[in-house]
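Structure below is my_file-v3.txt: compact mmCIF, C-alpha atoms.
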# COMPACT_ATOMS: atom_id res chain seq x y z
CA MET A 738 -51.69 3.92 -20.33
CA GLU A 739 -49.54 5.67 -22.92
CA ASP A 740 -51.11 7.02 -26.05
CA ILE A 741 -51.11 4.35 -28.69
CA LYS A 742 -49.80 5.24 -32.12
CA ILE A 743 -52.08 3.75 -34.76
CA ILE A 744 -50.90 3.68 -38.38
CA GLU A 745 -53.51 3.14 -41.10
CA VAL A 746 -51.39 1.60 -43.84
CA LYS A 747 -52.24 1.95 -47.51
CA GLN A 748 -52.19 -0.84 -50.03
CA SER A 749 -48.93 -1.15 -51.93
CA VAL A 750 -48.39 0.66 -55.19
CA PHE A 751 -45.62 -1.73 -56.23
CA GLN A 752 -46.35 -4.37 -58.83
CA ASN A 753 -43.63 -6.71 -57.69
CA ASN A 754 -43.79 -7.35 -53.96
CA ASP A 755 -40.88 -9.82 -53.99
CA GLU A 756 -38.51 -7.20 -55.42
CA ASP A 757 -39.81 -4.63 -52.98
CA ALA A 758 -39.31 -7.04 -50.08
CA ASN A 759 -35.69 -7.54 -51.15
CA ARG A 760 -35.15 -3.77 -51.23
CA LEU A 761 -36.59 -3.50 -47.72
CA ARG A 762 -34.29 -6.28 -46.47
CA GLU A 763 -31.30 -4.37 -47.88
CA SER A 764 -32.35 -1.27 -45.94
CA LEU A 765 -32.70 -3.37 -42.80
CA LYS A 766 -29.24 -4.86 -43.37
CA GLN A 767 -27.78 -1.37 -43.61
CA SER A 768 -29.41 -0.17 -40.39
CA LYS A 769 -28.56 -3.47 -38.65
CA THR A 770 -32.20 -4.15 -37.89
CA PHE A 771 -33.47 -7.72 -37.74
CA LEU A 772 -37.13 -7.96 -38.73
CA LEU A 773 -38.98 -11.04 -37.49
CA ASN A 774 -42.38 -11.74 -39.05
CA LEU A 775 -44.63 -13.56 -36.58
CA MET A 776 -47.63 -15.37 -38.03
CA SER A 777 -50.36 -17.72 -36.78
CA SER A 778 -54.10 -18.31 -36.56
CA PRO A 779 -56.10 -15.92 -34.43
CA GLY A 780 -55.72 -16.88 -30.79
CA SER A 781 -52.59 -19.04 -31.03
CA GLY A 782 -50.85 -16.74 -28.59
CA LYS A 783 -48.68 -14.47 -30.72
CA THR A 784 -48.86 -11.59 -28.26
CA SER A 785 -48.50 -13.80 -25.17
CA VAL A 786 -45.42 -15.53 -26.57
CA LEU A 787 -43.95 -12.18 -27.62
CA LEU A 788 -44.61 -10.78 -24.17
CA ALA A 789 -42.95 -13.76 -22.47
CA VAL A 790 -39.92 -13.73 -24.76
CA SER A 791 -39.47 -9.96 -24.55
CA LYS A 792 -38.64 -10.28 -20.85
CA TYR A 793 -35.52 -12.21 -21.85
CA LEU A 794 -34.67 -10.10 -24.87
CA LYS A 795 -35.37 -6.49 -24.02
CA ASP A 796 -32.26 -6.02 -21.88
CA LYS A 797 -30.03 -7.78 -24.42
CA VAL A 798 -31.17 -6.13 -27.66
CA LYS A 799 -32.93 -2.91 -28.51
CA MET A 800 -36.32 -4.23 -29.57
CA ALA A 801 -39.67 -2.90 -30.74
CA VAL A 802 -42.94 -4.40 -31.88
CA MET A 803 -45.44 -3.63 -34.64
CA GLU A 804 -48.89 -5.10 -34.00
CA ALA A 805 -50.94 -5.56 -37.17
CA ASP A 806 -54.70 -6.00 -36.91
CA ILE A 807 -57.78 -5.21 -38.93
CA ASP A 808 -59.20 -3.39 -35.94
CA SER A 809 -58.50 -2.69 -32.22
CA ALA A 810 -55.25 -1.86 -30.45
CA VAL A 811 -55.46 -4.26 -27.52
CA ASP A 812 -52.18 -6.04 -28.29
CA THR A 813 -50.22 -2.81 -28.59
CA ALA A 814 -51.59 -1.72 -25.22
CA THR A 815 -50.37 -5.02 -23.74
CA MET A 816 -46.86 -4.63 -25.17
CA LEU A 817 -46.57 -0.97 -24.10
CA GLU A 818 -47.60 -1.88 -20.55
CA ALA A 819 -44.72 -4.38 -20.54
CA GLY A 820 -42.33 -1.59 -21.49
CA VAL A 821 -41.71 -2.63 -25.09
CA PRO A 822 -41.87 0.20 -27.67
CA SER A 823 -44.81 -0.72 -29.91
CA ILE A 824 -47.07 0.70 -32.58
CA GLN A 825 -50.38 -0.52 -33.97
CA ILE A 826 -50.81 -1.07 -37.69
CA HIS A 827 -54.36 -1.17 -39.09
CA THR A 828 -54.66 -2.88 -42.44
CA GLY A 829 -57.96 -1.38 -43.57
CA GLY A 830 -59.63 -4.79 -43.74
CA MET A 831 -56.72 -6.50 -45.52
CA CYS A 832 -55.85 -10.02 -44.38
CA HIS A 833 -52.08 -9.62 -44.69
CA LEU A 834 -49.20 -7.14 -44.91
CA ASP A 835 -46.94 -6.80 -47.91
CA ALA A 836 -43.46 -5.27 -47.96
CA ASP A 837 -44.61 -1.72 -48.59
CA MET A 838 -47.23 -1.83 -45.83
CA THR A 839 -44.51 -3.17 -43.51
CA ARG A 840 -42.19 -0.34 -44.59
CA GLN A 841 -44.86 2.25 -43.72
CA GLY A 842 -44.99 0.84 -40.20
CA LEU A 843 -41.21 0.62 -39.87
CA LYS A 844 -40.78 4.27 -40.85
CA GLU A 845 -43.31 5.42 -38.27
CA LEU A 846 -41.55 3.28 -35.69
CA GLY A 847 -38.13 4.73 -36.55
CA TYR A 848 -36.70 1.26 -37.20
CA GLU A 849 -33.07 2.41 -37.52
CA ASP A 850 -32.99 2.78 -33.73
CA TYR A 851 -33.70 -0.91 -33.13
CA GLU A 852 -31.72 -4.13 -33.48
CA LEU A 853 -34.84 -6.26 -33.46
CA VAL A 854 -38.32 -5.42 -34.73
CA VAL A 855 -41.05 -8.02 -34.43
CA LEU A 856 -43.98 -7.69 -36.80
CA GLU A 857 -47.02 -9.45 -35.37
CA ASN A 858 -48.92 -10.14 -38.57
CA VAL A 859 -52.72 -10.40 -38.93
CA GLY A 860 -54.03 -13.61 -37.34
CA ASN A 861 -54.47 -15.80 -40.39
CA LEU A 862 -52.85 -19.04 -41.59
CA VAL A 863 -53.41 -18.32 -45.28
CA CYS A 864 -52.82 -14.82 -46.67
CA PRO A 865 -49.81 -13.61 -44.65
CA ALA A 866 -47.78 -16.58 -45.92
CA GLU A 867 -48.35 -15.42 -49.51
CA PHE A 868 -46.62 -12.05 -49.11
CA ASP A 869 -42.94 -11.50 -48.35
CA THR A 870 -42.94 -8.67 -45.80
CA GLY A 871 -39.22 -8.02 -46.14
CA ALA A 872 -38.59 -9.87 -42.87
CA VAL A 873 -35.28 -11.64 -42.33
CA LYS A 874 -37.03 -14.65 -40.84
CA ASN A 875 -40.60 -15.94 -40.52
CA MET A 876 -41.84 -17.62 -37.35
CA THR A 877 -45.19 -19.32 -37.07
CA ILE A 878 -46.99 -20.37 -33.91
CA LEU A 879 -49.31 -23.36 -33.69
CA SER A 880 -51.12 -23.81 -30.41
CA VAL A 881 -51.98 -27.23 -29.00
CA PRO A 882 -55.79 -26.70 -29.07
CA GLU A 883 -55.69 -26.10 -32.83
CA GLY A 884 -54.62 -29.67 -33.54
CA HIS A 885 -51.61 -31.34 -35.13
CA ASP A 886 -53.11 -31.49 -38.63
CA LYS A 887 -52.60 -27.82 -39.53
CA PRO A 888 -49.46 -28.33 -41.69
CA LEU A 889 -51.56 -30.65 -43.88
CA LYS A 890 -54.22 -28.00 -44.46
CA TYR A 891 -52.16 -24.80 -44.65
CA PRO A 892 -48.99 -25.85 -46.50
CA LEU A 893 -47.58 -22.45 -47.46
CA MET A 894 -47.37 -21.18 -43.86
CA TYR A 895 -45.01 -24.03 -42.99
CA GLU A 896 -43.07 -23.86 -46.27
CA THR A 897 -42.26 -20.19 -45.72
CA SER A 898 -41.43 -20.31 -41.99
CA GLN A 899 -37.97 -20.96 -40.59
CA LEU A 900 -39.30 -21.61 -37.09
CA LEU A 901 -42.41 -23.38 -35.85
CA VAL A 902 -43.27 -22.68 -32.22
CA ILE A 903 -45.78 -25.03 -30.61
CA ASN A 904 -47.51 -22.98 -27.89
CA LYS A 905 -49.79 -23.86 -24.96
CA THR A 906 -47.90 -27.03 -24.05
CA ASP A 907 -49.44 -26.66 -20.56
CA VAL A 908 -52.76 -27.93 -21.93
CA LEU A 909 -51.31 -30.95 -23.77
CA PRO A 910 -53.05 -33.32 -21.27
CA TYR A 911 -56.47 -32.01 -22.26
CA PHE A 912 -56.17 -32.25 -26.05
CA ASP A 913 -55.50 -35.02 -28.56
CA PHE A 914 -52.36 -33.39 -29.94
CA ASP A 915 -49.73 -35.72 -31.39
CA THR A 916 -46.28 -34.08 -31.28
CA ALA A 917 -44.70 -36.78 -33.47
CA LYS A 918 -47.34 -36.18 -36.13
CA VAL A 919 -47.08 -32.39 -36.09
CA GLU A 920 -43.31 -32.66 -36.56
CA GLU A 921 -43.74 -35.17 -39.38
CA TYR A 922 -46.35 -32.98 -41.16
CA ALA A 923 -44.37 -29.75 -40.67
CA ARG A 924 -41.15 -31.34 -42.02
CA MET A 925 -43.14 -32.74 -44.94
CA ARG A 926 -43.75 -29.10 -45.87
CA ASN A 927 -40.30 -27.85 -44.91
CA PRO A 928 -37.53 -30.31 -44.01
CA ASP A 929 -35.35 -27.53 -42.56
CA ILE A 930 -37.89 -25.97 -40.21
CA ASP A 931 -36.83 -25.55 -36.58
CA ILE A 932 -39.42 -26.64 -34.02
CA LEU A 933 -39.61 -25.39 -30.43
CA TYR A 934 -42.18 -26.11 -27.70
CA VAL A 935 -43.28 -23.36 -25.33
CA SER A 936 -45.97 -22.36 -22.90
CA ALA A 937 -46.35 -18.60 -22.71
CA LYS A 938 -48.47 -19.19 -19.60
CA THR A 939 -45.96 -21.22 -17.55
CA GLY A 940 -42.80 -19.93 -19.25
CA GLU A 941 -41.71 -23.41 -20.31
CA GLY A 942 -39.42 -23.26 -23.36
CA ILE A 943 -39.36 -19.47 -23.51
CA PRO A 944 -35.60 -19.14 -22.77
CA ALA A 945 -34.82 -21.48 -25.70
CA LEU A 946 -37.02 -19.39 -27.99
CA ALA A 947 -35.36 -16.18 -26.77
CA ASP A 948 -32.01 -17.79 -27.52
CA TRP A 949 -33.11 -18.74 -31.06
CA ILE A 950 -34.20 -15.16 -31.75
CA TYR A 951 -31.10 -13.63 -30.10
CA LYS A 952 -28.74 -15.76 -32.19
CA SER A 953 -30.64 -14.85 -35.36
CA VAL A 954 -30.39 -11.14 -34.52
CA GLN A 955 -26.65 -11.45 -33.86
CA ALA A 956 -26.02 -13.32 -37.11
CA TRP A 957 -27.86 -10.62 -39.09
CA ASN A 958 -26.52 -7.56 -37.30
CA GLN A 959 -22.84 -8.47 -37.00
CA MET B 408 -62.59 -45.75 -46.47
CA GLU B 409 -64.76 -44.66 -49.36
CA ASP B 410 -63.22 -42.86 -52.28
CA ILE B 411 -63.23 -39.15 -51.57
CA LYS B 412 -64.54 -36.85 -54.26
CA ILE B 413 -62.25 -33.83 -54.53
CA ILE B 414 -63.43 -30.79 -56.51
CA GLU B 415 -60.83 -28.25 -57.61
CA VAL B 416 -62.94 -25.11 -57.88
CA LYS B 417 -62.10 -22.29 -60.27
CA GLN B 418 -62.15 -18.64 -59.40
CA SER B 419 -65.42 -16.91 -60.21
CA VAL B 420 -65.98 -15.24 -63.57
CA PHE B 421 -68.74 -13.05 -62.18
CA GLN B 422 -67.98 -9.41 -61.48
CA ASN B 423 -70.69 -9.00 -58.90
CA ASN B 424 -70.53 -11.71 -56.25
CA ASP B 425 -73.42 -10.29 -54.23
CA GLU B 426 -75.81 -10.59 -57.18
CA ASP B 427 -74.52 -14.06 -57.93
CA ALA B 428 -75.00 -15.08 -54.30
CA ASN B 429 -78.62 -13.92 -54.47
CA ARG B 430 -79.16 -15.97 -57.62
CA LEU B 431 -77.73 -19.03 -55.86
CA ARG B 432 -80.02 -18.49 -52.86
CA GLU B 433 -83.02 -18.40 -55.22
CA SER B 434 -81.99 -21.76 -56.68
CA LEU B 435 -81.62 -23.15 -53.17
CA LYS B 436 -85.08 -21.83 -52.26
CA GLN B 437 -86.55 -23.61 -55.26
CA SER B 438 -84.93 -26.94 -54.44
CA LYS B 439 -85.76 -26.51 -50.72
CA THR B 440 -82.12 -26.76 -49.74
CA PHE B 441 -80.83 -24.85 -46.74
CA LEU B 442 -77.17 -23.90 -47.10
CA LEU B 443 -75.31 -23.19 -43.87
CA ASN B 444 -71.91 -21.50 -44.17
CA LEU B 445 -69.66 -22.52 -41.29
CA MET B 446 -66.66 -20.28 -40.62
CA SER B 447 -63.92 -20.01 -37.98
CA SER B 448 -60.20 -19.84 -37.37
CA PRO B 449 -58.19 -22.96 -38.14
CA GLY B 450 -58.57 -25.41 -35.28
CA SER B 451 -61.70 -23.98 -33.64
CA GLY B 452 -63.43 -27.32 -34.13
CA LYS B 453 -65.60 -26.84 -37.23
CA THR B 454 -65.43 -30.51 -38.19
CA SER B 455 -65.78 -31.78 -34.61
CA VAL B 456 -68.87 -29.65 -33.98
CA LEU B 457 -70.34 -30.68 -37.33
CA LEU B 458 -69.69 -34.33 -36.53
CA ALA B 459 -71.33 -34.03 -33.12
CA VAL B 460 -74.36 -32.16 -34.42
CA SER B 461 -74.83 -34.46 -37.43
CA LYS B 462 -75.66 -37.33 -35.06
CA TYR B 463 -78.78 -35.41 -34.02
CA LEU B 464 -79.62 -34.10 -37.48
CA LYS B 465 -78.94 -36.85 -39.97
CA ASP B 466 -82.04 -38.88 -39.15
CA LYS B 467 -84.29 -35.79 -39.11
CA VAL B 468 -83.15 -34.05 -42.31
CA LYS B 469 -81.39 -35.20 -45.45
CA MET B 470 -78.00 -33.57 -44.97
CA ALA B 471 -74.65 -33.36 -46.75
CA VAL B 472 -71.36 -31.58 -46.16
CA MET B 473 -68.86 -29.74 -48.37
CA GLU B 474 -65.42 -29.44 -46.82
CA ALA B 475 -63.36 -26.56 -48.22
CA ASP B 476 -59.60 -26.54 -47.73
CA ILE B 477 -56.53 -25.33 -49.51
CA ASP B 478 -55.10 -28.83 -49.31
CA SER B 479 -55.81 -32.27 -47.79
CA ALA B 480 -59.06 -34.21 -47.48
CA VAL B 481 -58.83 -35.26 -43.83
CA ASP B 482 -62.12 -33.62 -42.79
CA THR B 483 -64.09 -35.20 -45.61
CA ALA B 484 -62.73 -38.59 -44.61
CA THR B 485 -63.95 -37.94 -41.05
CA MET B 486 -67.45 -36.98 -42.17
CA LEU B 487 -67.74 -39.94 -44.57
CA GLU B 488 -66.73 -42.35 -41.83
CA ALA B 489 -69.59 -40.92 -39.77
CA GLY B 490 -71.99 -41.74 -42.58
CA VAL B 491 -72.60 -38.17 -43.77
CA PRO B 492 -72.44 -37.66 -47.57
CA SER B 493 -69.50 -35.29 -48.09
CA ILE B 494 -67.26 -33.90 -50.78
CA GLN B 495 -63.95 -32.06 -50.57
CA ILE B 496 -63.51 -28.67 -52.22
CA HIS B 497 -59.96 -27.49 -52.94
CA THR B 498 -59.65 -23.75 -53.42
CA GLY B 499 -56.36 -23.66 -55.31
CA GLY B 500 -54.70 -21.61 -52.59
CA MET B 501 -57.60 -19.16 -52.19
CA CYS B 502 -58.45 -18.10 -48.64
CA HIS B 503 -62.23 -18.07 -49.16
CA LEU B 504 -65.11 -19.30 -51.29
CA ASP B 505 -67.37 -17.01 -53.29
CA ALA B 506 -70.87 -17.85 -54.54
CA ASP B 507 -69.72 -19.33 -57.83
CA MET B 508 -67.11 -21.55 -56.18
CA THR B 509 -69.81 -22.70 -53.77
CA ARG B 510 -72.14 -23.41 -56.70
CA GLN B 511 -69.47 -25.59 -58.36
CA GLY B 512 -69.32 -27.69 -55.20
CA LEU B 513 -73.12 -27.84 -54.82
CA LYS B 514 -73.55 -29.09 -58.38
CA GLU B 515 -71.02 -31.87 -57.88
CA LEU B 516 -72.78 -32.81 -54.65
CA GLY B 517 -76.20 -32.87 -56.31
CA TYR B 518 -77.63 -30.39 -53.83
CA GLU B 519 -81.26 -30.78 -54.94
CA ASP B 520 -81.34 -34.11 -53.10
CA TYR B 521 -80.62 -32.53 -49.70
CA GLU B 522 -82.59 -30.40 -47.26
CA LEU B 523 -79.46 -29.21 -45.50
CA VAL B 524 -75.99 -28.65 -46.93
CA VAL B 525 -73.25 -27.42 -44.63
CA LEU B 526 -70.32 -25.64 -46.24
CA GLU B 527 -67.29 -25.85 -43.99
CA ASN B 528 -65.39 -22.81 -45.24
CA VAL B 529 -61.58 -22.39 -45.23
CA GLY B 530 -60.27 -21.88 -41.69
CA ASN B 531 -59.82 -18.12 -41.62
CA LEU B 532 -61.45 -15.29 -39.63
CA VAL B 533 -60.89 -12.65 -42.31
CA CYS B 534 -61.48 -13.49 -45.98
CA PRO B 535 -64.49 -15.86 -45.82
CA ALA B 536 -66.51 -13.12 -44.10
CA GLU B 537 -65.94 -10.82 -47.09
CA PHE B 538 -67.68 -13.06 -49.63
CA ASP B 539 -71.35 -13.99 -49.65
CA THR B 540 -71.36 -17.71 -50.53
CA GLY B 541 -75.08 -17.77 -51.24
CA ALA B 542 -75.72 -19.42 -47.88
CA VAL B 543 -79.02 -18.85 -46.09
CA LYS B 544 -77.24 -18.38 -42.78
CA ASN B 545 -73.68 -17.92 -41.55
CA MET B 546 -72.44 -19.58 -38.38
CA THR B 547 -69.07 -18.86 -36.82
CA ILE B 548 -67.29 -20.86 -34.15
CA LEU B 549 -64.96 -19.34 -31.58
CA SER B 550 -63.14 -21.80 -29.35
CA VAL B 551 -62.28 -21.01 -25.75
CA PRO B 552 -58.47 -21.28 -26.22
CA GLU B 553 -58.57 -18.51 -28.86
CA GLY B 554 -59.64 -15.92 -26.30
CA HIS B 555 -62.64 -13.65 -25.82
CA ASP B 556 -61.15 -10.66 -27.69
CA LYS B 557 -61.68 -12.00 -31.22
CA PRO B 558 -64.82 -9.93 -32.01
CA LEU B 559 -62.71 -6.82 -31.35
CA LYS B 560 -60.06 -7.85 -33.87
CA TYR B 561 -62.13 -9.48 -36.60
CA PRO B 562 -65.30 -7.37 -36.79
CA LEU B 563 -66.70 -8.51 -40.13
CA MET B 564 -66.90 -12.19 -39.13
CA TYR B 565 -69.27 -11.30 -36.30
CA GLU B 566 -71.21 -8.70 -38.29
CA THR B 567 -72.03 -11.23 -41.00
CA SER B 568 -72.86 -14.23 -38.78
CA GLN B 569 -76.32 -15.01 -37.43
CA LEU B 570 -74.97 -17.53 -34.93
CA LEU B 571 -71.85 -17.56 -32.78
CA VAL B 572 -70.99 -20.93 -31.28
CA ILE B 573 -68.47 -20.93 -28.45
CA ASN B 574 -66.76 -24.35 -28.60
CA LYS B 575 -64.46 -26.25 -26.21
CA THR B 576 -66.36 -25.21 -23.08
CA ASP B 577 -64.83 -28.27 -21.42
CA VAL B 578 -61.49 -26.45 -21.16
CA LEU B 579 -62.93 -23.22 -19.70
CA PRO B 580 -61.21 -23.94 -16.34
CA TYR B 581 -57.77 -23.88 -18.00
CA PHE B 582 -58.08 -20.60 -19.93
CA ASP B 583 -58.75 -16.97 -19.08
CA PHE B 584 -61.88 -16.75 -21.20
CA ASP B 585 -64.51 -14.24 -20.10
CA THR B 586 -67.97 -15.25 -21.37
CA ALA B 587 -69.55 -11.92 -20.39
CA LYS B 588 -66.90 -10.06 -22.40
CA VAL B 589 -67.17 -12.24 -25.50
CA GLU B 590 -70.94 -11.71 -25.52
CA GLU B 591 -70.51 -7.95 -25.07
CA TYR B 592 -67.93 -7.74 -27.86
CA ALA B 593 -69.91 -9.96 -30.26
CA ARG B 594 -73.11 -7.95 -29.71
CA MET B 595 -71.13 -4.74 -30.21
CA ARG B 596 -70.52 -6.04 -33.76
CA ASN B 597 -73.98 -7.52 -34.24
CA PRO B 598 -76.74 -6.89 -31.69
CA ASP B 599 -78.93 -9.67 -33.15
CA ILE B 600 -76.37 -12.49 -33.10
CA ASP B 601 -77.43 -15.71 -31.37
CA ILE B 602 -74.83 -17.21 -29.05
CA LEU B 603 -74.63 -20.87 -28.03
CA TYR B 604 -72.08 -22.71 -25.90
CA VAL B 605 -70.98 -26.23 -26.82
CA SER B 606 -68.29 -28.81 -26.27
CA ALA B 607 -67.91 -31.08 -29.28
CA LYS B 608 -65.81 -33.32 -27.03
CA THR B 609 -68.31 -33.88 -24.19
CA GLY B 610 -71.46 -33.20 -26.21
CA GLU B 611 -72.57 -30.34 -23.94
CA GLY B 612 -74.84 -27.91 -25.78
CA ILE B 613 -74.91 -29.93 -28.99
CA PRO B 614 -78.67 -30.71 -28.83
CA ALA B 615 -79.46 -26.98 -28.57
CA LEU B 616 -77.25 -26.28 -31.59
CA ALA B 617 -78.91 -29.10 -33.55
CA ASP B 618 -82.26 -27.57 -32.64
CA TRP B 619 -81.17 -24.11 -33.86
CA ILE B 620 -80.10 -25.58 -37.20
CA TYR B 621 -83.20 -27.80 -37.52
CA LYS B 622 -85.55 -24.87 -36.95
CA SER B 623 -83.66 -22.76 -39.50
CA VAL B 624 -83.91 -25.56 -42.06
CA GLN B 625 -87.64 -25.92 -41.43
CA ALA B 626 -88.28 -22.19 -41.73
CA TRP B 627 -86.46 -22.10 -45.09
CA ASN B 628 -87.81 -25.32 -46.59
CA GLN B 629 -91.46 -25.04 -45.67

Can you dump the structure from the file as structure tokens?
Amino acid sequence: MEDIKIIEVKQSVFQNNDEDANRLRESLKQSKTFLLNLMSSPGSGKTSVLLAVSKYLKDKVKMAVMEADIDSAVDTATMLEAGVPSIQIHTGGMCHLDADMTRQGLKELGYEDYELVVLENVGNLVCPAEFDTGAVKNMTILSVPEGHDKPLKYPLMYETSQLLVINKTDVLPYFDFDTAKVEEYARMRNPDIDILYVSAKTGEGIPALADWIYKSVQAWNQ
Amino acid sequence: MEDIKIIEVKQSVFQNNDEDANRLRESLKQSKTFLLNLMSSPGSGKTSVLLAVSKYLKDKVKMAVMEADIDSAVDTATMLEAGVPSIQIHTGGMCHLDADMTRQGLKELGYEDYELVVLENVGNLVCPAEFDTGAVKNMTILSVPEGHDKPLKYPLMYETSQLLVINKTDVLPYFDFDTAKVEEYARMRNPDIDILYVSAKTGEGIPALADWIYKSVQAWNQ
């Protein structure tokens, strides 16, 4: 396995994270880099979905991944094995990343070389939604075993995401997961949210997700 | 459905949460009330496990539940329908409860009347582990679909919990979940952690969990 680059990011010195996030987005616009912020609960399948979708994307766009975790580097190892340039960000116990922490990772990555950078945020449905990372778009994953009531309990995650990906559709027969309800609850929080269904395990729906990301990258980088 | 009591808790005024948590535990000792702090990711099955275990416990001990969420009262409704006295705590967007927020809920509940109070914390593997709620014991649930690597990524949750409950064992055949590894990783974080396997859906393992809680209540309240 390749050596894994682990960045220990420091807490932001900026008072106003929203302004800082806007500055970061301007830099990303200039370098024609699309930053996608990927959020979910622990264990929803962020890395598995990313792995599946990267097979479709990596020959079409220059992409890289930043894996954020409190500890461990297991997800970065997974992405590197799949041939996707990746670094590990350690948050020093923090439950989220803000724009400056994201910038520290992007600089280490050398983001100007990439058209698409995916930030896999800390697994958490609460804190990451509260901080603008400077990403162009936010995507959240909800997996079938978690239940369809999550948009009721964690409103901000769905308000701030442009795309909701329902993962683990292969186990729909074994869980009481109501797709009509999850769509109703998610749109209650955000009427404009896009919703896609995938199974990282079987590959179902992954091409449509790759297409969504690819079109977003093109729109930003043109 | 009964009217649901919803408490909007305020952020603590105390500088030192650890001291405040110790004070709360002393009050609980005096009133012979065992407070169990239940933590997990969103969708691990906190409410389902609690519902299943309450069938075994509610005739043996006087028990009540406090459901903490950022929004909604769906879990409290579920517990009330099952005949368990319950109140809903809203955290005003906060990702955790501290000791003083817990105390606000306990007072509204009238905790002196109960031998066992279960606090269902906000669904989150990070922040709740950072704040002592004043509970006598911490229990964390990890569900099979989340994967066996969680103790590697979220160390503090496992360090601060006395009991790890692996839920959704009924779907073990459909997921790559390694029970030997999860036990190894959890004990790496906390050598003394107890580990139990349950399925809230089929009822497997629930009597053993009820027994663990019952014995803890007895040890505290004698």

Within 7 Å of chain B, which residues of chain A come that close, and what is the closest atom pair and distance in Å for each? Count all atoms listed in the file and give it as JSON lines.
{"residue": "A:Ser778", "atom": "CA", "partner": "B:Ser448", "partner_atom": "CA", "distance": 6.3}
{"residue": "A:Pro779", "atom": "CA", "partner": "B:Ser448", "partner_atom": "CA", "distance": 6.4}
{"residue": "A:Gly780", "atom": "CA", "partner": "B:Glu553", "partner_atom": "CA", "distance": 3.8}
{"residue": "A:Ser781", "atom": "CA", "partner": "B:Glu553", "partner_atom": "CA", "distance": 6.4}
{"residue": "A:Asp806", "atom": "CA", "partner": "B:Lys560", "partner_atom": "CA", "distance": 6.4}
{"residue": "A:Ile807", "atom": "CA", "partner": "B:Lys560", "partner_atom": "CA", "distance": 6.1}
{"residue": "A:Asp808", "atom": "CA", "partner": "B:Lys560", "partner_atom": "CA", "distance": 5.0}
{"residue": "A:Ser809", "atom": "CA", "partner": "B:Lys560", "partner_atom": "CA", "distance": 5.6}
{"residue": "A:Cys832", "atom": "CA", "partner": "B:Val533", "partner_atom": "CA", "distance": 6.1}
{"residue": "A:Asn861", "atom": "CA", "partner": "B:Asn531", "partner_atom": "CA", "distance": 6.0}
{"residue": "A:Val863", "atom": "CA", "partner": "B:Cys502", "partner_atom": "CA", "distance": 6.1}
{"residue": "A:Cys864", "atom": "CA", "partner": "B:Cys502", "partner_atom": "CA", "distance": 6.8}
{"residue": "A:Pro882", "atom": "CA", "partner": "B:Pro552", "partner_atom": "CA", "distance": 6.7}
{"residue": "A:Glu883", "atom": "CA", "partner": "B:Gly450", "partner_atom": "CA", "distance": 3.8}
{"residue": "A:Gly884", "atom": "CA", "partner": "B:Gly450", "partner_atom": "CA", "distance": 6.1}
{"residue": "A:Leu889", "atom": "CA", "partner": "B:Ser479", "partner_atom": "CA", "distance": 6.0}
{"residue": "A:Lys890", "atom": "CA", "partner": "B:Asp478", "partner_atom": "CA", "distance": 5.0}
{"residue": "A:Tyr891", "atom": "CA", "partner": "B:Ile477", "partner_atom": "CA", "distance": 6.6}

For Ala617 (chain B), work out the shell of residues within 8 Å, counting all atoms listed in the file and skipping chain neighbours fewer than 2 positions away, then give it as number ranges by chain. B: 460-461, 463-464, 613-615, 619-621

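We find CA of Ile548 (chain B) and CA of Ala593 (chain B) to be spaced 11.9 Å apart.
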
For Ala758 (chain A), which residue among A:Thr784, A:Asn875, A:Thr906, A:Thr839 is the nearest when counting all atoms listed in the file? A:Thr839

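The coordinates place CA of Ala789 (chain A) at 26.7 Å from CA of Gln841 (chain A).
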
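Distance-wise, CA of Leu570 (chain B) and CA of Asp585 (chain B) end up 18.4 Å apart.
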
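Minimum distance to Met776 (chain A) across A:Asp869, A:Asp850, A:Glu845, A:Asp796 (counting all atoms listed in the file) occurs at A:Asp869.
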
Residue neighbourhood Arg594 (chain B), 12 Å, all atoms listed in the file, exclusion window fewer than 3 positions, as a VMD selection string: chain B and resid 558 to 559 562 565 to 571 587 to 591 597 to 602

For Lys417 (chain B), please output as a ChimeraX atom specification all residues within 12 Å (counting only C-alpha atoms; exclusion window: fewer than 3 positions along the same chain). /B:414,420-421,496-501,503-512

Which is closest to Leu458 (chain B) among B:Ala607, B:Leu431, B:Leu616, B:Met470, if we use all atoms listed in the file? B:Ala607

8 Å contact set for Ala872 (chain A), only C-alpha atoms, chain neighbours under 4 positions out, as a ChimeraX atom specification: /A:758,762,771-774
